[in-house]
file entry-v3.cif (mmCIF, C-alpha atoms and all ligand atoms)
data_input
loop_
_atom_site.label_atom_id
_atom_site.label_comp_id
_atom_site.auth_asym_id
_atom_site.auth_seq_id
_atom_site.Cartn_x
_atom_site.Cartn_y
_atom_site.Cartn_z
CA MET A 1 -6.75 -3.83 27.64
CA VAL A 2 -5.23 -3.54 24.20
CA LYS A 3 -3.45 -0.39 23.17
CA VAL A 4 -3.68 0.58 19.50
CA ILE A 5 -1.44 3.25 18.02
CA LEU A 6 -1.62 4.99 14.65
CA ARG A 7 0.84 7.85 14.10
CA ASN A 8 0.15 10.17 17.05
CA ARG A 9 -3.26 8.74 17.91
CA GLU A 10 -3.88 6.14 20.58
CA TRP A 11 -6.85 4.02 21.63
CA GLU A 12 -7.67 1.35 24.19
CA LEU A 13 -9.84 -1.59 23.24
CA ARG A 14 -11.10 -4.73 24.91
CA PRO A 15 -8.95 -7.80 24.17
CA GLY A 16 -10.26 -10.85 22.32
CA MET A 17 -11.35 -9.37 19.04
CA THR A 18 -9.68 -9.89 15.69
CA VAL A 19 -7.32 -7.29 14.33
CA ARG A 20 -9.79 -6.67 11.53
CA SER A 21 -12.67 -5.97 13.92
CA ALA A 22 -10.43 -3.72 16.00
CA ILE A 23 -9.52 -1.67 12.93
CA LEU A 24 -13.16 -1.41 11.89
CA LYS A 25 -14.22 -0.50 15.42
CA LEU A 26 -11.85 2.47 15.32
CA GLY A 27 -13.47 3.64 12.11
CA LEU A 28 -10.41 2.85 10.05
CA ASP A 29 -10.17 0.95 6.78
CA PRO A 30 -8.51 -2.51 6.98
CA GLU A 31 -7.28 -2.04 3.40
CA ALA A 32 -5.40 1.08 4.39
CA VAL A 33 -3.44 -0.11 7.44
CA LEU A 34 -1.21 -3.01 8.48
CA ALA A 35 -0.94 -4.22 12.06
CA VAL A 36 2.35 -4.84 13.84
CA ARG A 37 2.73 -6.48 17.27
CA ASP A 38 6.11 -6.93 18.97
CA GLY A 39 7.79 -5.81 15.78
CA GLN A 40 6.06 -8.51 13.69
CA LEU A 41 3.44 -8.05 11.02
CA ILE A 42 0.25 -9.87 12.07
CA ASN A 43 -2.62 -11.00 9.86
CA GLU A 44 -6.12 -9.57 10.12
CA ALA A 45 -7.63 -12.65 11.79
CA THR A 46 -5.20 -12.57 14.73
CA LEU A 47 -6.92 -12.27 18.11
CA THR A 48 -5.81 -9.42 20.32
CA ARG A 49 -4.68 -10.32 23.85
CA ASP A 50 -4.82 -8.40 27.07
CA GLY A 51 -1.72 -6.23 27.40
CA ASP A 52 -0.99 -6.13 23.64
CA THR A 53 0.30 -2.98 22.02
CA ILE A 54 -0.63 -2.95 18.37
CA LYS A 55 0.96 -0.48 16.05
CA LEU A 56 -0.98 0.34 12.91
CA VAL A 57 1.01 1.34 9.85
CA ALA A 58 -0.77 3.50 7.28
CA VAL A 59 -0.05 2.27 3.78
CA ILE A 60 -1.57 4.99 1.62
CA SER A 61 0.74 7.56 0.18
CA GLY A 62 -0.07 10.15 -2.38
CA GLY A 63 0.73 13.47 -3.88
CA MET B 1 -4.72 -17.95 9.87
CA LYS B 2 -2.10 -20.23 8.34
CA CYS B 3 0.40 -19.91 5.50
CA LYS B 4 -0.91 -21.67 2.42
CA LYS B 5 2.57 -22.98 1.59
CA CYS B 6 3.89 -24.27 4.91
CA GLY B 7 1.14 -24.05 7.52
CA GLY B 8 3.12 -21.57 9.65
CA VAL B 9 1.57 -18.41 11.05
CA ALA B 10 0.49 -16.09 8.24
CA VAL B 11 1.62 -12.46 8.39
CA ILE B 12 -0.64 -11.33 5.58
CA ASN B 13 -3.86 -12.39 3.95
CA MET B 14 -4.45 -11.21 0.39
CA ARG B 15 -8.16 -11.65 -0.01
CA HIS B 16 -8.19 -10.95 -3.76
CA HIS B 17 -5.66 -13.73 -4.32
CA ARG B 18 -7.21 -15.97 -1.63
CA LEU B 19 -3.69 -16.30 -0.34
CA ALA B 20 -2.35 -16.10 3.22
CA LEU B 21 1.42 -16.41 3.67
CA CYS B 22 4.05 -16.50 6.42
CA ALA B 23 6.92 -14.00 6.43
CA ASP B 24 9.36 -16.11 4.40
CA HIS B 25 6.85 -17.27 1.86
CA TYR B 26 5.49 -13.76 1.50
CA LEU B 27 8.92 -12.38 0.63
CA ASP B 28 9.40 -15.16 -1.95
CA TRP B 29 5.95 -14.65 -3.42
CA PHE B 30 6.45 -10.89 -3.71
CA VAL B 31 9.76 -11.19 -5.56
CA THR B 32 8.43 -13.87 -7.93
CA TYR B 33 5.27 -11.90 -8.62
CA THR B 34 7.34 -8.84 -9.53
CA GLN B 35 9.48 -10.90 -11.90
CA ARG B 36 6.33 -12.31 -13.52
CA THR B 37 5.03 -8.76 -13.99
CA ILE B 38 8.33 -7.73 -15.60
CA GLU B 39 7.97 -10.64 -18.05
CA LYS B 40 4.24 -10.25 -18.64
CA PHE B 41 4.63 -6.68 -19.84
CA ARG B 42 8.06 -7.27 -21.43
CA MET B 43 9.57 -4.52 -19.32
CA PHE B 44 13.24 -5.45 -19.64
CA GLY B 45 15.60 -8.39 -19.82
CA SER B 46 18.30 -9.78 -17.58
CA GLY B 47 21.18 -7.95 -19.27
CA ASP B 48 19.57 -4.51 -19.23
CA ARG B 49 20.94 -1.69 -17.11
CA LEU B 50 18.17 -0.06 -15.09
CA LEU B 51 17.77 3.26 -13.34
CA VAL B 52 15.42 3.16 -10.34
CA ALA B 53 13.91 6.42 -9.13
CA VAL B 54 14.14 6.32 -5.33
CA SER B 55 12.48 8.76 -2.96
CA GLY B 56 13.15 7.09 0.39
CA GLY B 57 9.54 5.87 0.53
CA LYS B 58 8.40 2.26 0.84
CA ASP B 59 7.60 1.60 -2.83
CA SER B 60 10.79 2.83 -4.40
CA LEU B 61 13.11 1.26 -1.82
CA ALA B 62 11.20 -2.02 -2.01
CA LEU B 63 11.54 -1.89 -5.79
CA TRP B 64 15.27 -1.31 -5.68
CA ASP B 65 15.60 -4.14 -3.16
CA VAL B 66 13.61 -6.57 -5.30
CA LEU B 67 15.44 -5.69 -8.52
CA LEU B 68 18.81 -6.22 -6.82
CA ARG B 69 17.61 -9.53 -5.36
CA LEU B 70 16.50 -10.61 -8.81
CA GLY B 71 20.04 -9.94 -10.01
CA TYR B 72 19.37 -6.91 -12.19
CA GLN B 73 21.99 -4.25 -12.67
CA ALA B 74 19.99 -1.45 -11.07
CA ASP B 75 21.34 1.98 -10.15
CA GLY B 76 19.39 4.46 -8.04
CA LEU B 77 18.46 8.06 -8.73
CA TYR B 78 17.52 10.34 -5.87
CA ILE B 79 16.31 13.83 -6.73
CA LYS B 80 16.81 16.31 -3.93
CA LEU B 81 13.84 18.64 -4.17
CA GLY B 82 14.87 20.99 -1.36
CA ILE B 83 11.69 20.61 0.69
CA GLU B 84 12.84 21.96 4.01
CA HIS B 85 9.63 21.63 5.97
CA GLN B 86 10.54 19.30 8.87
CA GLY B 87 13.77 18.51 7.06
CA TYR B 88 11.84 16.37 4.61
CA SER B 89 14.40 16.24 1.79
CA ASP B 90 17.39 15.61 4.06
CA ARG B 91 15.57 12.91 5.99
CA SER B 92 14.37 11.11 2.88
CA LEU B 93 17.90 11.08 1.43
CA ASP B 94 19.13 9.61 4.74
CA TYR B 95 16.76 6.67 4.31
CA VAL B 96 18.07 6.01 0.81
CA GLN B 97 21.67 6.12 1.99
CA ARG B 98 20.94 3.88 4.94
CA PHE B 99 19.32 1.39 2.58
CA LEU B 100 22.50 1.38 0.49
CA GLU B 101 24.72 0.84 3.52
CA THR B 102 22.70 -1.73 5.39
CA SER B 103 20.29 -3.62 3.19
CA GLU B 104 21.09 -7.19 2.43
CA ALA B 105 20.15 -6.78 -1.24
CA ALA B 106 22.56 -3.86 -1.58
CA ASN B 107 25.28 -5.73 0.34
CA PRO B 108 24.80 -9.42 -0.41
CA PRO B 109 26.79 -11.49 2.11
CA ARG B 110 28.38 -13.75 -0.45
CA ALA B 111 29.08 -11.23 -3.19
CA PRO B 112 32.49 -12.01 -4.73
CA ARG B 113 33.36 -8.31 -4.98
CA PRO B 114 31.76 -5.07 -3.89
CA THR B 115 28.43 -4.76 -5.67
CA GLN B 116 28.25 -2.64 -8.75
CA HIS B 117 25.22 -0.46 -8.26
CA VAL B 118 25.54 3.27 -7.60
CA LEU B 119 23.27 6.03 -6.38
CA HIS B 120 23.01 9.21 -8.44
CA VAL B 121 21.94 12.22 -6.41
CA VAL B 122 20.71 15.29 -8.25
CA ASP B 123 20.32 18.32 -6.02
CA ILE B 124 17.89 20.63 -7.80
CA LYS B 125 19.04 23.79 -6.05
CA GLY B 126 22.72 22.91 -6.39
CA THR B 127 22.34 22.06 -10.08
CA TYR B 128 19.85 24.64 -11.31
CA GLY B 129 19.94 27.37 -8.65
CA GLU B 130 16.53 27.07 -6.97
CA SER B 131 14.76 24.46 -4.88
CA ILE B 132 11.31 23.18 -5.88
CA PRO B 133 9.42 25.39 -3.39
CA GLU B 134 11.43 28.46 -4.48
CA LEU B 135 10.84 27.69 -8.13
CA ALA B 136 7.11 27.23 -7.53
CA ARG B 137 6.92 30.53 -5.66
CA ARG B 138 8.79 32.50 -8.31
CA THR B 139 6.95 31.07 -11.31
CA GLY B 140 3.56 31.10 -9.56
CA ARG B 141 2.68 27.77 -11.15
CA GLY B 142 0.37 25.32 -9.41
CA ARG B 143 -1.89 27.54 -7.27
CA GLY B 144 0.22 27.66 -4.14
CA LYS B 145 1.27 23.99 -4.33
CA PRO B 146 4.70 23.03 -5.64
CA CYS B 147 3.45 19.71 -7.01
CA SER B 148 3.00 20.64 -10.66
CA VAL B 149 6.49 22.19 -10.84
CA CYS B 150 7.83 19.24 -8.88
CA GLY B 151 6.36 16.70 -11.29
CA LEU B 152 7.68 18.56 -14.30
CA VAL B 153 11.20 18.85 -12.86
CA LYS B 154 11.31 15.21 -11.73
CA ARG B 155 10.24 13.96 -15.18
CA HIS B 156 12.90 16.07 -16.86
CA VAL B 157 15.71 15.05 -14.51
CA MET B 158 14.81 11.34 -14.57
CA ASN B 159 14.81 11.40 -18.34
CA ARG B 160 18.09 13.30 -18.50
CA VAL B 161 19.93 10.97 -16.12
CA ALA B 162 18.53 7.89 -17.86
CA GLN B 163 19.65 9.24 -21.23
CA GLU B 164 23.10 10.35 -20.12
CA GLY B 165 23.75 7.07 -18.35
CA GLY B 166 22.57 5.00 -21.30
CA TYR B 167 20.06 3.07 -19.17
CA ALA B 168 17.70 0.68 -20.92
CA ALA B 169 14.78 1.73 -18.74
CA LEU B 170 13.74 3.99 -15.92
CA ALA B 171 11.84 2.05 -13.24
CA THR B 172 9.48 3.72 -10.80
CA GLY B 173 7.76 2.28 -7.72
CA HIS B 174 4.17 2.97 -8.81
CA ASN B 175 1.88 0.32 -7.36
CA LEU B 176 -1.58 -0.82 -8.39
CA ASP B 177 -3.27 1.67 -6.06
CA ASP B 178 -1.35 4.54 -7.65
CA GLU B 179 -2.34 3.38 -11.11
CA ALA B 180 -5.97 2.69 -10.18
CA ALA B 181 -6.27 6.15 -8.60
CA VAL B 182 -4.98 7.77 -11.79
CA LEU B 183 -7.32 5.61 -13.84
CA LEU B 184 -10.28 6.65 -11.69
CA GLN B 185 -9.35 10.29 -12.02
CA ASN B 186 -8.99 10.04 -15.79
CA THR B 187 -12.20 8.06 -16.14
CA LEU B 188 -14.24 10.46 -14.04
CA ARG B 189 -13.34 13.17 -16.52
CA TRP B 190 -13.12 10.92 -19.59
CA GLN B 191 -9.65 12.15 -20.30
CA THR B 192 -9.29 9.93 -23.33
CA GLY B 193 -5.82 11.19 -24.18
CA TYR B 194 -4.51 10.27 -20.74
CA LEU B 195 -6.32 6.93 -20.82
CA ALA B 196 -4.62 6.14 -24.12
CA ARG B 197 -1.22 6.76 -22.54
CA GLN B 198 -1.68 5.03 -19.18
CA ALA B 199 0.36 1.82 -19.25
CA PRO B 200 2.88 -0.22 -17.26
CA VAL B 201 5.44 0.44 -20.00
CA LEU B 202 5.92 3.73 -21.80
CA GLU B 203 7.99 3.08 -24.86
CA ALA B 204 10.77 5.43 -25.90
CA THR B 205 8.89 6.61 -28.96
CA GLN B 206 11.32 9.43 -29.71
CA PRO B 207 15.06 9.82 -29.66
CA GLY B 208 15.96 11.49 -26.37
CA LEU B 209 13.05 9.89 -24.53
CA SER B 210 13.62 7.06 -22.06
CA ARG B 211 11.60 3.92 -21.73
CA LYS B 212 9.61 3.94 -18.46
CA VAL B 213 8.46 0.86 -16.56
CA LYS B 214 6.42 0.12 -13.43
CA PRO B 215 7.27 -3.37 -12.13
CA PHE B 216 4.93 -3.03 -9.09
CA CYS B 217 1.85 -2.16 -11.14
CA ARG B 218 0.09 -5.40 -10.16
CA LEU B 219 0.82 -5.10 -6.43
CA TYR B 220 -1.43 -3.39 -3.91
CA GLU B 221 -0.02 -0.60 -1.81
CA ARG B 222 -0.55 -2.65 1.35
CA GLU B 223 1.53 -5.41 -0.25
CA THR B 224 4.49 -3.15 -0.99
CA ALA B 225 4.24 -1.75 2.55
CA ALA B 226 4.07 -5.29 3.96
CA TYR B 227 7.14 -6.26 1.94
CA ALA B 228 9.11 -3.30 3.30
CA LEU B 229 8.03 -4.12 6.86
CA VAL B 230 8.75 -7.84 6.72
CA ARG B 231 12.01 -7.29 4.90
CA GLY B 232 13.08 -4.72 7.50
CA ILE B 233 13.52 -1.88 5.02
CA ASP B 234 13.47 1.37 6.91
CA TYR B 235 11.64 3.99 4.85
CA ILE B 236 10.36 7.51 5.32
CA TYR B 237 6.92 7.06 6.77
CA ASP B 238 5.86 10.69 6.74
CA GLU B 239 4.39 12.08 3.58
CA CYS B 240 5.89 14.99 1.74
CA PRO B 241 4.27 17.93 3.59
CA HIS B 242 2.72 19.07 0.30
CA ALA B 243 0.90 15.79 -0.27
CA SER B 244 -1.82 16.43 2.27
CA GLY B 245 -5.26 16.83 0.80
CA ALA B 246 -4.13 15.45 -2.54
CA THR B 247 -6.91 14.15 -4.76
CA THR B 248 -4.97 10.96 -5.27
CA ILE B 249 -5.34 10.10 -1.59
CA PHE B 250 -9.08 10.69 -1.70
CA HIS B 251 -9.41 8.47 -4.77
CA LYS B 252 -7.36 5.75 -3.10
CA GLU B 253 -9.67 5.84 -0.09
CA LEU B 254 -12.70 5.51 -2.34
CA LEU B 255 -11.16 2.54 -4.13
CA ASN B 256 -10.31 0.91 -0.81
CA ARG B 257 -13.92 1.14 0.27
CA LEU B 258 -14.91 -0.68 -2.91
CA GLU B 259 -12.19 -3.22 -2.25
CA GLY B 260 -13.47 -3.82 1.27
CA ARG B 261 -16.88 -4.65 -0.09
CA SER B 262 -15.68 -6.77 -2.99
CA PRO B 263 -12.12 -8.02 -2.69
CA GLY B 264 -10.34 -7.72 -6.03
CA ALA B 265 -12.26 -4.62 -7.13
CA LYS B 266 -9.11 -2.51 -7.54
CA HIS B 267 -7.31 -5.36 -9.24
CA SER B 268 -10.00 -5.81 -11.91
CA PHE B 269 -10.61 -2.10 -12.33
CA TYR B 270 -7.00 -1.55 -13.39
CA LEU B 271 -5.99 -4.85 -14.97
CA ASP B 272 -9.21 -5.30 -16.93
CA PHE B 273 -8.72 -1.80 -18.29
CA LEU B 274 -5.28 -2.81 -19.56
CA ARG B 275 -6.68 -6.02 -20.99
CA ALA B 276 -9.53 -4.26 -22.80
CA LYS B 277 -7.10 -1.71 -24.17
CA LYS B 278 -4.75 -4.39 -25.40
CA LYS B 279 -7.56 -6.24 -27.15
CA GLY B 280 -8.56 -3.04 -28.91
CA GLN B 281 -11.93 -2.88 -27.16
CA LEU B 282 -11.45 0.71 -26.16
CA LEU B 283 -11.47 3.25 -28.91
CA LEU B 284 -9.00 5.82 -27.67
CA PRO B 285 -7.39 8.61 -29.66
CA ALA B 286 -4.13 7.67 -31.31
CA GLU B 287 -1.22 9.73 -30.13
CA GLU B 288 -0.31 12.10 -32.88
CA VAL B 289 1.47 14.84 -31.06
CA GLU B 290 4.48 16.12 -32.86
CA LEU B 291 7.59 16.28 -30.76
CA HIS B 292 10.82 18.03 -31.53
CA PRO B 293 14.00 18.62 -29.52
CA CYS B 294 14.04 21.56 -27.12
CA GLU B 295 16.41 24.27 -28.34
CA LYS B 296 18.19 24.38 -25.00
CA CYS B 297 18.25 20.91 -23.45
CA GLY B 298 17.42 18.73 -26.43
CA GLN B 299 14.65 16.74 -24.72
CA PRO B 300 11.60 16.09 -26.88
CA THR B 301 8.82 18.63 -26.41
CA THR B 302 5.54 19.63 -28.05
CA ALA B 303 6.21 23.33 -27.51
CA PRO B 304 8.05 25.24 -30.23
CA GLY B 305 11.42 26.50 -29.00
CA LEU B 306 12.01 25.72 -25.34
CA CYS B 307 10.48 22.83 -23.40
CA ALA B 308 8.35 23.48 -20.30
CA PHE B 309 11.28 22.64 -18.04
CA CYS B 310 13.67 25.12 -19.66
CA ARG B 311 10.98 27.82 -19.68
CA LEU B 312 10.78 27.51 -15.87
CA TRP B 313 14.31 28.84 -15.60
CA GLN B 314 13.91 31.78 -17.99
S1 LIG A 401 3.76 15.98 -2.78
FE1 LIG A 401 4.10 17.47 -4.38
S2 LIG A 401 5.94 18.59 -3.76
FE2 LIG A 401 5.85 16.74 -2.52
S3 LIG A 401 7.12 15.27 -3.65
FE3 LIG A 401 5.01 14.94 -4.32
S4 LIG A 401 4.80 16.24 -6.12
FE4 LIG A 401 6.64 16.93 -5.06
ZN ZN A 402 5.00 -20.37 4.86
ZN ZN A 403 14.48 22.02 -22.52
#
call {"tool": "encode", "arguments": {"input": "entry-v3.cif", "output": "structure tokens"}}
result
Amino acid sequence: MVKVILRNREWELRPGMTVRSAILKLGLDPEAVLAVRDGQLINEATLTRDGDTIKLVAVISGG
Amino acid sequence: MKCKKCGGVAVINMRHHRLALCADHYLDWFVTYTQRTIEKFRMFGSGDRLLVAVSGGKDSLALWDVLLRLGYQADGLYIKLGIEHQGYSDRSLDYVQRFLETSEAANPPRAPRPTQHVLHVVDIKGTYGESIPELARRTGRGRGKPCSVCGLVKRHVMNRVAQEGGYAALATGHNLDDEAAVLLQNTLRWQTGYLARQAPVLEATQPGLSRKVKPFCRLYERETAAYALVRGIDYIYDECPHASGATTIFHKELLNRLEGRSPGAKHSFYLDFLRAKKKGQLLLPAEEVELHPCEKCGQPTTAPGLCAFCRLWQ
């Protein structure tokens, strides 16, 4: 499985989909988050692998 | 997905530029693109002394980093607002100080002598007697939110420090998403006065007023965040606790949904607005407000007597 983390939320997804599809599947906006795996920024077409932990970084700030 | 320059693994794909880049080429691209923006809008030149407003967030620290890498003489200004919720102010100042101590741009390995830039810290409570939340509570401005007082105080202090230090310009980390959100807000209400004033460069039209520039105004928020991540700049990730529910965030989300459907939507919304304005295709009211120096602090104001900032402390 693939673990996806955004702030204090966590999900598990099947491996083998692109980062973009994973983000969409979680109901998030690919424009509004970046994905980091093993400390490296990864592009949206990267395929997720079994055992991955993907950290999503929210990019929107406001106020 | 491969880097367009070298064929290595891309870390980011910018659909509106049809450009995917690896980590190294992304950092290069980002710095060059900022320099091109500085030139395009004639923001400042290589000999100018700059003051960068830094909050500890990704945009302002990335901006300081890029300006230092480009070789500009850029000092920082951190305004300590006194937001104690979850130690927000203290923590954000820590990020700024850590940037100064550890970043490669602030400590270039081959610098012949210690680098010249400094950080100015203005503690609002220490300087004026009350923190932003206290000031908001006492004056009752802003319907329970300190943001309107906060904005007013920050503008005043930035202008004061820029004036006293003789800086050629005050640079802020506003990105394209910030600008597009403001544009959307102003357009939804046809705030023609605000539309007339929205620009990447605000000239110092009056004595006592500093020139303001936004070198990141052509970069998406996800691009400034990606730069900070790839560059290893540690920034405060949490929002100011008072930012939650802000209209700006809602407008940014709306714009991102448009962007998802047609890549480049945000880019054209903002940059085509600037273009149309420049060509004189938008008939906006000319600015004819009369400004005079505040009796107390001397900063230009429309109000007779004291400026809005000085009235806060009455
Ligand atoms: S969210 Fe409001 S109080 Fe917090 S820094 Fe921004 S303007 Fe100031
Ligand atoms: Zn490359
Ligand atoms: Zn005043």
call {"tool": "residues_near_ligand", "arguments": {"input": "entry-v3.cif", "ligand": "ligand LIG 401 (chain A)", "cutoff": "9 Å", "atoms": "all atoms listed in the file", "output": "VMD selection string"}}
result
(chain A and resid 62 to 63) or (chain B and resid 55 81 83 132 to 133 145 to 152 154 239 to 244 246)
call {"tool": "atom_distance", "arguments": {"input": "entry-v3.cif", "atom1": "CA of Gly140 (chain B)", "atom2": "CA of His156 (chain B)"}}
result
19.1 Å
call {"tool": "residues_around", "arguments": {"input": "entry-v3.cif", "residues": "region 30-40 of chain A", "least_positions_apart": "5", "cutoff": "7 Å", "atoms": "only C-alpha atoms", "output": "ChimeraX atom specification"}}
result
/A:20,23-24,53-60 /B:222,256,260
call {"tool": "residues_near_ligand", "arguments": {"input": "entry-v3.cif", "ligand": "ligand ZN 403 (chain A)", "cutoff": "7 Å", "atoms": "only C-alpha atoms and all ligand atoms", "output": "PyMOL selection string"}}
result
chain B and resi 294-299+306-310
call {"tool": "atom_distance", "arguments": {"input": "entry-v3.cif", "atom1": "CA of Trp313 (chain B)", "atom2": "CA of Lys125 (chain B)"}}
result
11.8 Å
call {"tool": "residues_near_ligand", "arguments": {"input": "entry-v3.cif", "ligand": "ligand ZN 402 (chain A)", "cutoff": "12 Å", "atoms": "only C-alpha atoms and all ligand atoms", "output": "ChimeraX atom specification"}}
result
/B:1-13,19-29
call {"tool": "residues_around", "arguments": {"input": "entry-v3.cif", "residues": "Ile124 (chain B)", "least_positions_apart": "5", "cutoff": "8 Å", "atoms": "all atoms listed in the file", "output": "PDB file with C-alpha atoms, keeping the file's coordinate frame"}}
result
ATOM      1  CA  ILE B  79      16.310  13.830  -6.730  1.00  0.00           C
ATOM      2  CA  LYS B  80      16.810  16.310  -3.930  1.00  0.00           C
ATOM      3  CA  LEU B  81      13.840  18.640  -4.170  1.00  0.00           C
ATOM      4  CA  GLY B  82      14.870  20.990  -1.360  1.00  0.00           C
ATOM      5  CA  GLY B 129      19.940  27.370  -8.650  1.00  0.00           C
ATOM      6  CA  GLU B 130      16.530  27.070  -6.970  1.00  0.00           C
ATOM      7  CA  SER B 131      14.760  24.460  -4.880  1.00  0.00           C
ATOM      8  CA  ILE B 132      11.310  23.180  -5.880  1.00  0.00           C
TER       9      ILE B 132
END
call {"tool": "residues_around", "arguments": {"input": "entry-v3.cif", "residues": "Gln97 (chain B)", "least_positions_apart": "4", "cutoff": "10 Å", "atoms": "all atoms listed in the file", "output": "PDB file with C-alpha atoms, keeping the file's coordinate frame"}}
result
ATOM      1  CA  GLY B  56      13.150   7.090   0.390  1.00  0.00           C
ATOM      2  CA  TYR B  78      17.520  10.340  -5.870  1.00  0.00           C
ATOM      3  CA  ARG B  91      15.570  12.910   5.990  1.00  0.00           C
ATOM      4  CA  SER B  92      14.370  11.110   2.880  1.00  0.00           C
ATOM      5  CA  LEU B  93      17.900  11.080   1.430  1.00  0.00           C
ATOM      6  CA  GLU B 101      24.720   0.840   3.520  1.00  0.00           C
ATOM      7  CA  THR B 102      22.700  -1.730   5.390  1.00  0.00           C
ATOM      8  CA  SER B 103      20.290  -3.620   3.190  1.00  0.00           C
ATOM      9  CA  LEU B 119      23.270   6.030  -6.380  1.00  0.00           C
TER      10      LEU B 119
END
call {"tool": "build_atoms", "arguments": {"input": "entry-v3.cif", "residues": "region 11-25 of chain A", "atoms": "N, CA, C and O atoms", "output": "compact mmCIF listing (two decimals), in the coordinates of the input"}}
result
# COMPACT_ATOMS: atom_id res chain seq x y z
N TRP A 11 -5.56 4.48 21.13
CA TRP A 11 -6.85 4.02 21.63
C TRP A 11 -6.65 2.85 22.58
O TRP A 11 -5.61 2.19 22.54
N GLU A 12 -7.67 2.58 23.38
CA GLU A 12 -7.67 1.35 24.19
C GLU A 12 -8.91 0.55 23.82
O GLU A 12 -10.01 1.09 23.73
N LEU A 13 -8.71 -0.74 23.60
CA LEU A 13 -9.84 -1.59 23.24
C LEU A 13 -9.85 -2.83 24.13
O LEU A 13 -8.83 -3.20 24.70
N ARG A 14 -11.00 -3.46 24.18
CA ARG A 14 -11.10 -4.73 24.91
C ARG A 14 -10.30 -5.78 24.16
O ARG A 14 -10.28 -5.78 22.93
N PRO A 15 -9.66 -6.71 24.86
CA PRO A 15 -8.95 -7.80 24.17
C PRO A 15 -9.95 -8.82 23.60
O PRO A 15 -11.13 -8.76 23.92
N GLY A 16 -9.45 -9.72 22.77
CA GLY A 16 -10.26 -10.85 22.32
C GLY A 16 -10.97 -10.66 21.00
O GLY A 16 -11.70 -11.53 20.56
N MET A 17 -10.76 -9.50 20.37
CA MET A 17 -11.35 -9.37 19.04
C MET A 17 -10.27 -9.54 17.98
O MET A 17 -9.08 -9.49 18.29
N THR A 18 -10.69 -9.74 16.74
CA THR A 18 -9.68 -9.89 15.69
C THR A 18 -9.12 -8.51 15.36
O THR A 18 -9.75 -7.48 15.62
N VAL A 19 -7.95 -8.53 14.75
CA VAL A 19 -7.32 -7.29 14.33
C VAL A 19 -8.24 -6.54 13.37
O VAL A 19 -8.41 -5.32 13.47
N ARG A 20 -8.88 -7.29 12.49
CA ARG A 20 -9.79 -6.67 11.53
C ARG A 20 -10.95 -5.95 12.24
O ARG A 20 -11.27 -4.80 11.92
N SER A 21 -11.55 -6.63 13.22
CA SER A 21 -12.67 -5.97 13.92
C SER A 21 -12.17 -4.76 14.70
O SER A 21 -12.87 -3.75 14.80
N ALA A 22 -10.97 -4.87 15.26
CA ALA A 22 -10.43 -3.72 16.00
C ALA A 22 -10.27 -2.52 15.08
O ALA A 22 -10.66 -1.40 15.43
N ILE A 23 -9.73 -2.77 13.89
CA ILE A 23 -9.52 -1.67 12.93
C ILE A 23 -10.86 -1.05 12.53
O ILE A 23 -11.02 0.17 12.51
N LEU A 24 -11.84 -1.91 12.28
CA LEU A 24 -13.16 -1.41 11.89
C LEU A 24 -13.81 -0.63 13.03
O LEU A 24 -14.43 0.41 12.83
N LYS A 25 -13.63 -1.15 14.25
CA LYS A 25 -14.22 -0.50 15.42
C LYS A 25 -13.70 0.93 15.59
O LYS A 25 -14.41 1.81 16.07
